[in-house]
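Everything below belongs to coords_28.txt, which stores compact mmCIF, C-alpha atoms and all ligand atoms.
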# COMPACT_ATOMS: atom_id res chain seq x y z
CA MET U 1 0.00 0.00 0.00
CA SER U 2 1.44 3.35 -1.02
CA TYR U 3 0.24 6.71 0.25
CA PHE U 4 2.24 8.63 -2.31
CA PRO U 5 1.83 6.53 -5.47
CA GLU U 6 2.68 9.47 -7.73
CA VAL U 7 6.05 10.04 -6.06
CA PRO U 8 9.15 7.93 -6.79
CA THR U 9 12.03 7.48 -4.34
CA ALA U 10 14.32 10.47 -4.74
CA ARG U 11 17.72 9.72 -6.30
CA TYR U 12 20.75 11.74 -7.22
CA GLU U 13 20.65 12.47 -10.95
CA GLY U 14 23.09 15.38 -11.18
CA PRO U 15 22.67 19.09 -11.95
CA SER U 16 21.20 18.61 -15.42
CA SER U 17 18.31 16.36 -14.31
CA GLU U 18 14.82 17.51 -15.32
CA ASN U 19 13.14 15.15 -12.85
CA PRO U 20 11.33 17.25 -10.20
CA PHE U 21 11.70 14.44 -7.67
CA ALA U 22 15.45 13.96 -8.15
CA PHE U 23 18.41 15.48 -6.34
CA ARG U 24 20.73 17.64 -8.40
CA HIS U 25 23.34 18.14 -5.68
CA TYR U 26 22.53 15.90 -2.74
CA ASN U 27 24.34 12.65 -3.31
CA ALA U 28 24.17 10.89 0.06
CA THR U 29 27.26 8.73 -0.36
CA GLU U 30 29.47 11.30 -2.10
CA LYS U 31 32.34 12.47 0.06
CA VAL U 32 32.93 16.13 0.76
CA GLY U 33 36.21 16.33 2.62
CA ASN U 34 36.42 13.27 4.83
CA LYS U 35 32.71 12.63 5.32
CA THR U 36 29.79 11.74 3.09
CA MET U 37 27.07 14.29 2.48
CA ALA U 38 24.66 12.21 4.55
CA GLU U 39 27.12 12.23 7.47
CA HIS U 40 27.69 15.96 7.21
CA MET U 41 24.06 16.91 7.09
CA ARG U 42 22.13 14.33 9.14
CA PHE U 43 18.82 15.49 7.67
CA ALA U 44 15.68 15.13 9.72
CA ALA U 45 11.99 15.66 8.97
CA ALA U 46 9.62 17.24 11.48
CA TYR U 47 6.58 15.08 12.25
CA TRP U 48 4.56 18.15 13.14
CA HIS U 49 4.99 19.82 9.77
CA VAL U 50 4.87 16.74 7.55
CA MET U 51 1.97 14.97 9.24
CA ARG U 52 0.11 17.54 11.31
CA ASN U 53 0.38 20.87 9.59
CA GLY U 54 -2.84 21.59 7.72
CA LEU U 55 -1.29 24.84 6.41
CA SER U 56 -3.77 27.17 8.06
CA ASP U 57 -2.55 30.72 8.67
CA PRO U 58 -3.77 33.37 11.13
CA PHE U 59 -6.47 34.35 8.64
CA GLY U 60 -7.43 31.13 6.94
CA ALA U 61 -8.45 27.51 7.28
CA PRO U 62 -6.22 24.52 6.55
CA THR U 63 -5.69 23.70 2.88
CA ALA U 64 -3.41 20.65 2.93
CA LEU U 65 -4.75 17.50 1.32
CA MET U 66 -4.15 14.50 3.59
CA PRO U 67 -6.21 11.66 2.16
CA TRP U 68 -4.79 9.22 4.74
CA ASP U 69 -6.05 11.29 7.69
CA ASP U 70 -9.69 11.13 8.88
CA GLY U 71 -9.30 14.50 10.60
CA SER U 72 -10.12 13.08 14.04
CA ASP U 73 -7.99 13.25 17.16
CA SER U 74 -8.36 9.52 17.78
CA LEU U 75 -5.62 7.10 18.68
CA ALA U 76 -6.57 5.00 15.64
CA ASN U 77 -5.98 7.97 13.35
CA ALA U 78 -2.67 8.70 15.08
CA LEU U 79 -1.57 5.12 14.44
CA LYS U 80 -2.61 5.35 10.79
CA ARG U 81 -0.31 8.33 10.26
CA VAL U 82 2.85 6.45 11.23
CA PRO U 83 3.28 4.33 8.08
CA VAL U 84 2.51 7.38 5.94
CA PHE U 85 5.33 9.27 7.62
CA PHE U 86 7.79 6.42 7.19
CA GLU U 87 6.93 6.10 3.51
CA PHE U 88 7.65 9.81 3.27
CA LEU U 89 11.04 9.31 4.98
CA GLU U 90 11.87 6.43 2.67
CA LYS U 91 10.96 8.28 -0.51
CA THR U 92 12.85 11.44 0.46
CA THR U 93 15.72 9.30 1.82
CA ILE U 94 15.71 11.45 4.98
CA PRO U 95 17.40 9.35 7.68
CA PHE U 96 16.14 11.07 10.87
CA TYR U 97 12.96 12.58 12.28
CA CYS U 98 11.84 14.73 15.21
CA PHE U 99 8.53 14.87 17.03
CA HIS U 100 6.53 16.42 19.85
CA ASP U 101 4.57 14.01 22.05
CA ARG U 102 1.30 15.56 20.90
CA ASP U 103 2.15 15.36 17.20
CA VAL U 104 2.28 11.61 17.35
CA ALA U 105 -0.33 10.81 20.01
CA PRO U 106 -3.50 12.58 21.16
CA GLU U 107 -4.46 13.64 24.67
CA GLY U 108 -6.77 11.18 26.41
CA ALA U 109 -9.63 11.79 28.82
CA THR U 110 -7.14 11.65 31.70
CA LEU U 111 -3.42 12.30 31.94
CA ALA U 112 -2.87 8.57 32.50
CA GLU U 113 -4.72 7.84 29.25
CA THR U 114 -2.65 10.50 27.47
CA HIS U 115 0.54 8.74 28.50
CA LYS U 116 -0.91 5.38 27.44
CA ASN U 117 -1.70 6.81 24.01
CA LEU U 118 1.89 7.96 23.66
CA ASP U 119 3.25 4.55 24.67
CA ARG U 120 1.00 2.87 22.12
CA VAL U 121 2.20 5.11 19.26
CA VAL U 122 5.82 4.79 20.38
CA ASP U 123 5.45 0.99 19.98
CA THR U 124 4.49 1.60 16.37
CA LEU U 125 7.21 4.17 15.78
CA GLU U 126 9.74 1.74 17.21
CA ALA U 127 8.57 -1.04 14.89
CA HIS U 128 8.81 1.26 11.87
CA GLN U 129 12.26 2.47 12.89
CA LYS U 130 13.40 -1.15 13.09
CA ALA U 131 11.88 -2.04 9.72
CA THR U 132 13.30 0.98 7.87
CA GLY U 133 16.51 1.91 9.71
CA LYS U 134 15.23 5.48 10.22
CA LYS U 135 16.31 7.14 13.46
CA LEU U 136 15.04 9.69 15.92
CA LEU U 137 17.12 12.87 15.98
CA TRP U 138 15.24 14.38 18.89
CA GLY U 139 12.00 14.33 20.76
CA THR U 140 10.21 17.03 22.72
CA ALA U 141 7.03 17.72 24.65
CA CYS U 142 4.43 20.10 23.30
CA LEU U 143 4.03 22.50 26.20
CA PHE U 144 2.36 25.29 24.27
CA ALA U 145 -0.75 24.14 22.38
CA HIS U 146 -3.18 23.10 25.11
CA PRO U 147 -5.15 25.92 26.84
CA ARG U 148 -3.71 24.83 30.22
CA TYR U 149 -0.38 26.25 29.02
CA ALA U 150 -1.85 29.59 27.98
CA GLN U 151 0.06 31.32 30.80
CA GLY U 152 3.19 29.24 30.51
CA ALA U 153 4.25 25.67 31.25
CA ALA U 154 7.32 25.72 33.53
CA THR U 155 6.71 29.47 33.88
CA SER U 156 2.99 29.21 34.59
CA PRO U 157 1.82 30.95 37.77
CA SER U 158 0.15 27.63 38.64
CA ALA U 159 2.26 24.90 40.26
CA ASP U 160 -0.30 22.37 39.06
CA VAL U 161 0.31 23.40 35.47
CA PHE U 162 4.04 23.09 36.17
CA SER U 163 3.36 19.55 37.38
CA TYR U 164 1.42 18.71 34.21
CA ALA U 165 4.32 20.01 32.13
CA ALA U 166 6.75 17.95 34.22
CA SER U 167 4.62 14.87 33.75
CA GLN U 168 4.62 15.39 29.99
CA VAL U 169 8.39 15.97 29.93
CA LYS U 170 8.96 12.76 31.92
CA HIS U 171 7.02 10.69 29.41
CA ALA U 172 8.34 12.46 26.32
CA LEU U 173 11.88 11.96 27.60
CA GLU U 174 11.23 8.28 28.26
CA ALA U 175 9.72 7.91 24.77
CA THR U 176 12.76 9.63 23.25
CA HIS U 177 15.03 7.31 25.22
CA ARG U 178 13.11 4.22 24.11
CA LEU U 179 13.35 5.30 20.48
CA GLY U 180 17.10 5.86 20.75
CA GLY U 181 16.82 9.61 20.20
CA SER U 182 20.12 11.51 19.89
CA GLY U 183 18.70 14.54 21.67
CA TYR U 184 15.86 16.08 23.61
CA VAL U 185 14.69 19.65 22.90
CA PHE U 186 13.08 22.34 25.00
CA TRP U 187 11.43 25.10 23.04
CA GLY U 188 9.47 27.44 25.28
CA GLY U 189 6.82 29.12 23.17
CA ARG U 190 4.79 29.98 26.27
CA GLU U 191 7.80 30.41 28.55
CA GLY U 192 7.61 34.17 28.63
CA TYR U 193 4.98 36.78 29.23
CA ALA U 194 2.50 39.15 27.64
CA THR U 195 2.62 41.89 30.30
CA LEU U 196 4.84 42.58 33.30
CA LEU U 197 1.79 43.86 35.18
CA ASN U 198 0.98 40.25 36.15
CA THR U 199 4.43 38.68 35.97
CA ASN U 200 7.14 37.84 38.48
CA MET U 201 10.00 37.40 36.05
CA LYS U 202 12.56 36.18 38.57
CA ARG U 203 10.30 33.43 39.91
CA GLU U 204 9.36 32.34 36.40
CA LEU U 205 13.02 32.10 35.37
CA ASP U 206 13.78 30.07 38.50
CA HIS U 207 10.91 27.72 37.71
CA LEU U 208 12.04 27.24 34.11
CA ALA U 209 15.53 26.35 35.30
CA THR U 210 14.03 23.92 37.81
CA LEU U 211 12.19 22.01 35.08
CA LEU U 212 15.40 21.74 33.06
CA HIS U 213 17.31 20.49 36.11
CA LEU U 214 14.59 17.94 36.86
CA ALA U 215 14.81 16.69 33.26
CA VAL U 216 18.58 16.33 33.52
CA ASP U 217 18.17 14.41 36.79
CA HIS U 218 15.56 12.14 35.28
CA ALA U 219 17.72 11.46 32.23
CA LYS U 220 20.44 10.21 34.57
CA LYS U 221 17.95 8.02 36.38
CA ILE U 222 16.72 6.32 33.21
CA GLY U 223 20.12 6.20 31.48
CA PHE U 224 19.31 8.64 28.67
CA THR U 225 22.65 9.96 27.45
CA GLY U 226 21.38 12.01 24.52
CA GLN U 227 22.05 15.72 24.20
CA PHE U 228 19.70 18.20 25.86
CA LEU U 229 18.99 21.22 23.70
CA ILE U 230 17.31 24.54 24.21
CA GLU U 231 15.88 26.35 21.19
CA PRO U 232 15.96 30.15 21.26
CA LYS U 233 13.14 32.29 19.89
CA PRO U 234 12.40 35.86 20.96
CA ARG U 235 8.62 35.95 20.64
CA GLU U 236 5.57 34.31 19.12
CA PRO U 237 3.42 33.00 20.57
CA SER U 238 4.40 34.91 23.75
CA THR U 239 5.13 38.62 23.45
CA HIS U 240 8.45 38.17 25.25
CA GLN U 241 10.09 34.76 25.50
CA TYR U 242 12.86 34.14 28.00
CA ASP U 243 14.93 32.02 25.59
CA SER U 244 15.13 34.96 23.23
CA ASP U 245 18.38 34.34 21.37
CA ALA U 246 21.58 32.30 21.61
CA ALA U 247 23.28 34.76 23.95
CA ALA U 248 20.26 34.99 26.27
CA CYS U 249 19.98 31.18 26.40
CA LEU U 250 23.66 30.77 27.16
CA ASN U 251 23.45 33.32 29.93
CA PHE U 252 20.41 31.59 31.39
CA LEU U 253 22.07 28.17 31.25
CA ARG U 254 25.24 29.55 32.82
CA GLU U 255 23.39 31.38 35.57
CA TYR U 256 21.48 28.25 36.56
CA GLY U 257 24.35 25.79 36.31
CA LEU U 258 22.97 24.06 33.23
CA LEU U 259 25.65 24.83 30.67
CA ASP U 260 27.29 21.41 31.00
CA SER U 261 24.04 19.65 30.24
CA PHE U 262 22.66 21.73 27.38
CA LYS U 263 23.53 22.86 23.89
CA LEU U 264 21.55 25.05 21.52
CA ASN U 265 19.17 24.07 18.76
CA LEU U 266 19.26 27.08 16.45
CA GLU U 267 16.56 27.92 13.94
CA THR U 268 17.01 30.42 11.13
CA ASN U 269 13.60 32.02 11.36
CA HIS U 270 14.03 32.47 15.11
CA ALA U 271 17.39 34.13 14.56
CA THR U 272 15.87 36.63 12.15
CA LEU U 273 12.91 37.28 14.47
CA ALA U 274 15.53 38.13 17.11
CA GLY U 275 17.10 40.65 14.74
CA HIS U 276 20.11 38.45 14.03
CA THR U 277 21.38 36.43 11.12
CA MET U 278 21.60 32.66 11.49
CA GLU U 279 25.36 32.89 11.12
CA HIS U 280 25.49 35.35 14.01
CA GLU U 281 23.58 32.94 16.24
CA MET U 282 25.84 30.08 15.17
CA GLU U 283 29.00 32.04 15.93
CA VAL U 284 27.64 32.88 19.40
CA ALA U 285 26.94 29.19 20.03
CA ILE U 286 30.26 28.01 18.61
CA ALA U 287 32.20 30.46 20.78
CA ALA U 288 30.61 28.81 23.82
CA ASN U 289 31.08 25.29 22.41
CA ALA U 290 27.32 24.96 22.49
CA LEU U 291 26.23 24.42 18.90
CA GLY U 292 24.05 21.35 19.13
CA SER U 293 21.63 21.10 16.25
CA ILE U 294 19.80 23.14 13.64
CA ASP U 295 16.18 23.68 12.71
CA ALA U 296 16.58 24.35 9.02
CA ASN U 297 14.15 26.87 7.59
CA ARG U 298 14.02 30.55 6.73
CA GLY U 299 11.72 33.49 7.27
CA ASP U 300 10.22 36.03 4.93
CA THR U 301 11.55 39.53 5.49
CA LEU U 302 8.26 40.95 4.23
CA LEU U 303 6.20 39.10 6.85
CA GLY U 304 6.55 39.63 10.58
CA TRP U 305 5.99 36.09 11.79
CA ASP U 306 7.68 32.70 11.92
CA THR U 307 6.85 31.60 8.37
CA ASP U 308 9.03 28.48 8.65
CA GLN U 309 9.74 28.41 4.93
CA PHE U 310 11.93 25.82 3.31
CA PRO U 311 15.57 26.86 3.06
CA SER U 312 16.22 27.50 -0.63
CA ASP U 313 18.64 30.40 -0.29
CA LEU U 314 22.16 29.24 -1.23
CA TYR U 315 23.84 32.02 0.73
CA LEU U 316 22.01 30.91 3.83
CA THR U 317 22.81 27.22 3.39
CA THR U 318 26.45 28.03 2.57
CA ASN U 319 26.76 30.21 5.64
CA ILE U 320 25.20 27.54 7.83
CA MET U 321 27.38 24.73 6.49
CA LEU U 322 30.47 26.93 6.81
CA ARG U 323 29.79 27.17 10.56
CA VAL U 324 28.90 23.49 10.83
CA LEU U 325 32.29 22.68 9.28
CA LYS U 326 33.99 25.25 11.48
CA SER U 327 32.52 23.66 14.60
CA GLY U 328 33.89 20.26 13.58
CA GLY U 329 30.56 18.93 12.31
CA PHE U 330 27.44 17.54 13.94
CA THR U 331 27.84 14.81 16.52
CA THR U 332 24.38 14.27 17.97
CA GLY U 333 22.70 17.08 16.05
CA GLY U 334 21.57 17.45 12.48
CA LEU U 335 19.57 19.57 10.05
CA ASN U 336 15.93 19.25 10.98
CA PHE U 337 13.50 20.70 8.44
CA ASP U 338 11.35 22.65 10.86
CA ALA U 339 9.67 24.01 7.77
CA LYS U 340 6.30 23.97 6.15
CA ARG U 341 5.01 24.40 2.65
CA ARG U 342 3.20 27.59 1.72
CA ARG U 343 -0.55 27.44 2.20
CA GLU U 344 -0.92 27.41 -1.57
CA SER U 345 1.25 24.27 -1.93
CA HIS U 346 -1.43 21.98 -0.58
CA GLU U 347 -0.87 18.72 -2.46
CA PRO U 348 1.06 15.77 -0.98
CA ALA U 349 3.62 16.01 -3.80
CA ASP U 350 4.55 19.46 -2.50
CA LEU U 351 5.90 17.84 0.68
CA PHE U 352 8.47 16.12 -1.53
CA HIS U 353 9.36 19.14 -3.65
CA ALA U 354 9.89 21.10 -0.45
CA HIS U 355 12.20 18.62 1.27
CA ILE U 356 14.09 17.60 -1.86
CA GLY U 357 14.72 21.28 -2.61
CA GLY U 358 15.89 21.92 0.94
CA MET U 359 18.27 18.97 0.83
CA ASP U 360 19.67 20.10 -2.51
CA ALA U 361 20.12 23.65 -1.25
CA PHE U 362 22.08 22.33 1.74
CA ALA U 363 24.14 19.98 -0.43
CA TYR U 364 25.07 22.92 -2.64
CA GLY U 365 25.81 24.99 0.45
CA LEU U 366 27.99 22.23 1.87
CA LYS U 367 30.04 22.02 -1.32
CA ALA U 368 30.42 25.81 -1.51
CA ALA U 369 31.34 25.97 2.18
CA HIS U 370 33.90 23.22 1.70
CA ARG U 371 35.44 25.15 -1.21
CA ILE U 372 35.60 28.26 0.95
CA VAL U 373 37.35 26.31 3.71
CA GLU U 374 39.71 24.62 1.25
CA SER U 375 40.71 27.85 -0.45
CA GLY U 376 41.55 29.23 2.98
CA LYS U 377 41.40 32.80 1.70
CA ILE U 378 38.78 34.14 4.06
CA ALA U 379 40.19 32.34 7.10
CA ARG U 380 43.66 33.63 6.28
CA PHE U 381 42.37 37.17 5.96
CA VAL U 382 40.63 36.94 9.33
CA LYS U 383 43.71 35.43 10.96
CA ASP U 384 45.95 38.18 9.60
CA ARG U 385 43.53 40.84 10.71
CA TYR U 386 44.27 40.02 14.35
CA VAL U 387 48.00 39.47 13.92
CA SER U 388 48.80 42.30 16.34
CA TYR U 389 47.55 40.05 19.15
CA ASP U 390 49.93 37.22 18.27
CA SER U 391 53.00 38.77 19.88
CA GLY U 392 54.19 41.75 21.89
CA ILE U 393 51.62 43.83 23.70
CA GLY U 394 48.74 42.06 21.92
CA ALA U 395 49.78 38.66 23.26
CA LYS U 396 49.99 40.21 26.73
CA ILE U 397 46.43 41.54 26.35
CA GLU U 398 45.15 38.15 25.27
CA SER U 399 46.77 36.37 28.18
CA ARG U 400 45.69 39.16 30.54
CA ALA U 401 49.30 39.65 31.55
CA THR U 402 49.17 43.41 31.43
CA SER U 403 47.69 46.40 33.25
CA LEU U 404 46.16 49.74 32.40
CA GLU U 405 49.48 51.33 33.54
CA GLU U 406 51.49 49.27 31.07
CA LEU U 407 49.00 49.88 28.23
CA ASP U 408 49.00 53.58 29.02
CA LYS U 409 52.80 53.65 28.74
CA HIS U 410 52.72 51.59 25.52
CA ALA U 411 50.08 53.81 23.90
CA GLN U 412 52.02 56.97 24.71
CA ALA U 413 55.25 55.57 23.31
CA ILE U 414 53.94 54.48 19.88
CA GLN U 415 52.85 56.32 16.75
CA PRO U 416 49.06 56.88 16.66
CA PRO U 417 47.50 53.68 15.30
CA THR U 418 46.54 53.31 11.65
CA LEU U 419 44.04 50.72 10.41
CA GLN U 420 44.10 48.38 7.46
CA SER U 421 41.04 48.06 5.24
CA GLY U 422 38.38 45.57 6.39
CA ARG U 423 37.98 44.64 2.69
CA GLN U 424 34.35 43.60 3.07
CA GLU U 425 33.61 43.88 -0.64
CA MET U 426 36.70 41.93 -1.62
CA LEU U 427 35.72 39.19 0.84
CA GLU U 428 32.18 39.14 -0.51
CA ASN U 429 33.67 38.60 -3.96
CA ILE U 430 35.75 35.70 -2.65
CA PHE U 431 32.65 34.21 -1.01
CA ASN U 432 30.64 34.63 -4.21
CA ALA U 433 33.36 33.05 -6.31
CA GLN U 434 32.86 29.82 -4.34
CA ILE U 435 29.07 30.02 -4.54
CA PHE U 436 29.38 30.31 -8.32
CA GLY U 437 31.32 27.02 -8.14
C1 LIG U 501 8.47 26.81 16.91
C2 LIG U 501 9.58 25.92 17.16
C3 LIG U 501 9.20 24.47 17.39
C4 LIG U 501 10.33 23.72 18.00
C5 LIG U 501 9.94 22.45 18.69
O1 LIG U 501 8.64 27.94 16.46
O2 LIG U 501 10.48 26.02 16.11
O3 LIG U 501 8.75 23.88 16.21
O4 LIG U 501 11.31 23.43 17.07
O5 LIG U 501 9.04 22.65 19.69
NI NI U 502 12.10 24.76 15.73
NI NI U 503 10.07 27.88 14.73
Serialized structure, structure tokens:
Amino acid sequence: MSYFPEVPTARYEGPSSENPFAFRHYNATEKVGNKTMAEHMRFAAAYWHVMRNGLSDPFGAPTALMPWDDGSDSLANALKRVPVFFEFLEKTTIPFYCFHDRDVAPEGATLAETHKNLDRVVDTLEAHQKATGKKLLWGTACLFAHPRYAQGAATSPSADVFSYAASQVKHALEATHRLGGSGYVFWGGREGYATLLNTNMKRELDHLATLLHLAVDHAKKIGFTGQFLIEPKPREPSTHQYDSDAAACLNFLREYGLLDSFKLNLETNHATLAGHTMEHEMEVAIAANALGSIDANRGDTLLGWDTDQFPSDLYLTTNIMLRVLKSGGFTTGGLNFDAKRRRESHEPADLFHAHIGGMDAFAYGLKAAHRIVESGKIARFVKDRYVSYDSGIGAKIESRATSLEELDKHAQAIQPPTLQSGRQEMLENIFNAQIFG
């Protein structure tokens, strides 16, 4: 039984292929440097977008055609979605996936029944993983959709809501562990506030840190050794979210003694909502040795919200892969397509065009990034730009072996400093030359 009879399994056919379901650049087994493309990228599909996103927008109803789905929130319907998703993974050749507990299994009449539903679907996911060799990149708990989380989950003013969130995290973590997940993500869409008039920020931050600590403790108890990740986003749905950007997350983790247990899961559209570029966020994470994983998408500069579009911009994918290479490559992380089709692209085939295009854009970006690294021109320029810190007074500054007195004396003894050109345009030309191929 096929759910996508019109779609063939995607294969690499090279840049001149006219086949809309073929890869032009992504060739899983081709080596770039010392790793294959598949190893570099570790692509993942998001269960919530592929299976659960009806493509509604703030002004309009869902449009997506999902002939396999009866539209109900039943356990039976949830179980029926699993083979559809795995056929999708097989035909796109995407090796990993990510899910929220509530994407895969519905709430029951009681919390106990909710957990039972999850266990039942996890049995099926586990069987499909075994049969296909597909793997779980990360799992997470949906702590933002249900009305009980309207005022926060870990940061809710209600300790009972906190307990519900904790209960969900316990079971989602156990499910992730059972499925051999490489990571576990916290994204706090409701962990923030709408107005300070009703908010005790300090207590809320303390509570959020407590939930993360409890999760780390529980992971130890059950033997889950995957990577914990926190995913920054400045706003939406909350007006202000505490995990606003990479720097804010790192500060929060450091302040609460969580930096050893967590890395960051960075998402392009969240970076741009925070007023940053993705490469800025990645550099911040890399500097703290905290780049964990990536939610691969992009925003639309003409729209103000998280449009979660598929990454088709070659500059973006090149910049991302350049930083992935710079950080030494993914270990537990990967490139998760936290991306959805446009509301107008409502047919099942569009799911394939979207992911195949995203994979090709990243493959191209990887090759361009590798050429940039190999040529060494940009890295050499940057290295030379700081050469004054490699010896003399600069080396003393870097090793903090100096004082304001000594620097005062040094500054007064030298000729007034002159600067060399930053050569931005020349560097952009060098970057472009590698994008051109
Ligand atoms: C929403 C987030 C979400 C997380 C997982 O904006 O990107 O999808 O990745 O909860
Ligand atoms: Ni995300
Ligand atoms: Ni997002």
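Distances to ligand LIG 501 (chain U) were evaluated for U:Asp384, U:Asp390, U:Asp308, U:Asp408 using all atoms listed in the file, and the minimum falls at U:Asp308.
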Tell me, counting all atoms listed in the file, for each residue of chain U within 9 Å of ligand LIG 501 (chain U), which pair of atoms is nearest and how far apart they are in Å to one decimal, in rows ordered by chain and increasing number, as JSON lines.
{"residue": "U:Ala46", "atom": "CA", "partner": "U:LIG501", "partner_atom": "O3", "distance": 8.2}
{"residue": "U:Trp48", "atom": "CA", "partner": "U:LIG501", "partner_atom": "O3", "distance": 7.7}
{"residue": "U:His49", "atom": "CA", "partner": "U:LIG501", "partner_atom": "O3", "distance": 8.5}
{"residue": "U:Cys98", "atom": "CA", "partner": "U:LIG501", "partner_atom": "C5", "distance": 8.7}
{"residue": "U:Phe99", "atom": "CA", "partner": "U:LIG501", "partner_atom": "C5", "distance": 7.9}
{"residue": "U:His100", "atom": "CA", "partner": "U:LIG501", "partner_atom": "O5", "distance": 6.7}
{"residue": "U:Gly139", "atom": "CA", "partner": "U:LIG501", "partner_atom": "C5", "distance": 8.6}
{"residue": "U:Thr140", "atom": "CA", "partner": "U:LIG501", "partner_atom": "O5", "distance": 6.5}
{"residue": "U:Ala141", "atom": "CA", "partner": "U:LIG501", "partner_atom": "O5", "distance": 7.3}
{"residue": "U:Cys142", "atom": "CA", "partner": "U:LIG501", "partner_atom": "O5", "distance": 6.4}
{"residue": "U:Leu143", "atom": "CA", "partner": "U:LIG501", "partner_atom": "O5", "distance": 8.2}
{"residue": "U:Phe144", "atom": "CA", "partner": "U:LIG501", "partner_atom": "O5", "distance": 8.5}
{"residue": "U:Val185", "atom": "CA", "partner": "U:LIG501", "partner_atom": "C5", "distance": 6.9}
{"residue": "U:Phe186", "atom": "CA", "partner": "U:LIG501", "partner_atom": "O5", "distance": 6.7}
{"residue": "U:Trp187", "atom": "CA", "partner": "U:LIG501", "partner_atom": "O5", "distance": 4.8}
{"residue": "U:Gly188", "atom": "CA", "partner": "U:LIG501", "partner_atom": "O5", "distance": 7.4}
{"residue": "U:Gly189", "atom": "CA", "partner": "U:LIG501", "partner_atom": "C1", "distance": 6.9}
{"residue": "U:Glu231", "atom": "CA", "partner": "U:LIG501", "partner_atom": "O4", "distance": 6.8}
{"residue": "U:Pro232", "atom": "CA", "partner": "U:LIG501", "partner_atom": "O2", "distance": 8.6}
{"residue": "U:Lys233", "atom": "CA", "partner": "U:LIG501", "partner_atom": "O1", "distance": 7.1}
{"residue": "U:Glu236", "atom": "CA", "partner": "U:LIG501", "partner_atom": "O1", "distance": 7.6}
{"residue": "U:Pro237", "atom": "CA", "partner": "U:LIG501", "partner_atom": "O1", "distance": 8.4}
{"residue": "U:Asn265", "atom": "CA", "partner": "U:LIG501", "partner_atom": "O4", "distance": 8.1}
{"residue": "U:Leu266", "atom": "CA", "partner": "U:LIG501", "partner_atom": "O4", "distance": 8.8}
{"residue": "U:Glu267", "atom": "CA", "partner": "U:LIG501", "partner_atom": "O2", "distance": 6.7}
{"residue": "U:Asn269", "atom": "CA", "partner": "U:LIG501", "partner_atom": "O1", "distance": 8.2}
{"residue": "U:His270", "atom": "CA", "partner": "U:LIG501", "partner_atom": "O1", "distance": 7.2}
{"residue": "U:Asp295", "atom": "CA", "partner": "U:LIG501", "partner_atom": "O4", "distance": 6.5}
{"residue": "U:Asp306", "atom": "CA", "partner": "U:LIG501", "partner_atom": "O1", "distance": 6.6}
{"residue": "U:Asp308", "atom": "CA", "partner": "U:LIG501", "partner_atom": "O1", "distance": 7.8}
{"residue": "U:Asn336", "atom": "CA", "partner": "U:LIG501", "partner_atom": "O4", "distance": 8.7}
{"residue": "U:Asp338", "atom": "CA", "partner": "U:LIG501", "partner_atom": "O3", "distance": 6.1}
{"residue": "U:Ala339", "atom": "CA", "partner": "U:LIG501", "partner_atom": "O3", "distance": 8.5}
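As for atom CA of Val104 of chain U and atom CA of Tyr47 of chain U, they are spaced 7.5 Å apart.
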* Extract, using all atoms listed in the file, all DNA, RNA and protein residues at most 12 Å from Arg190 of chain U, discarding same-chain residues fewer than 5 positions from it, and format them as a PyMOL selection string. => chain U and resi 142-157+165+204+208+233-244
* If you count all atoms listed in the file, which residues fall within 12 Å of Phe352 of chain U, apart from same-chain ones fewer than 6 positions away, as number ranges by chain? -> U: 4, 6-10, 20-23, 45, 50, 85, 87-94, 310, 340-341, 345-346, 358-360
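Distance annotation: of U:Ala296, U:Val324, U:Leu419, U:Leu111, the residue with the minimal separation from ligand NI 502 (chain U) is U:Ala296; atom set is only C-alpha atoms and all ligand atoms.
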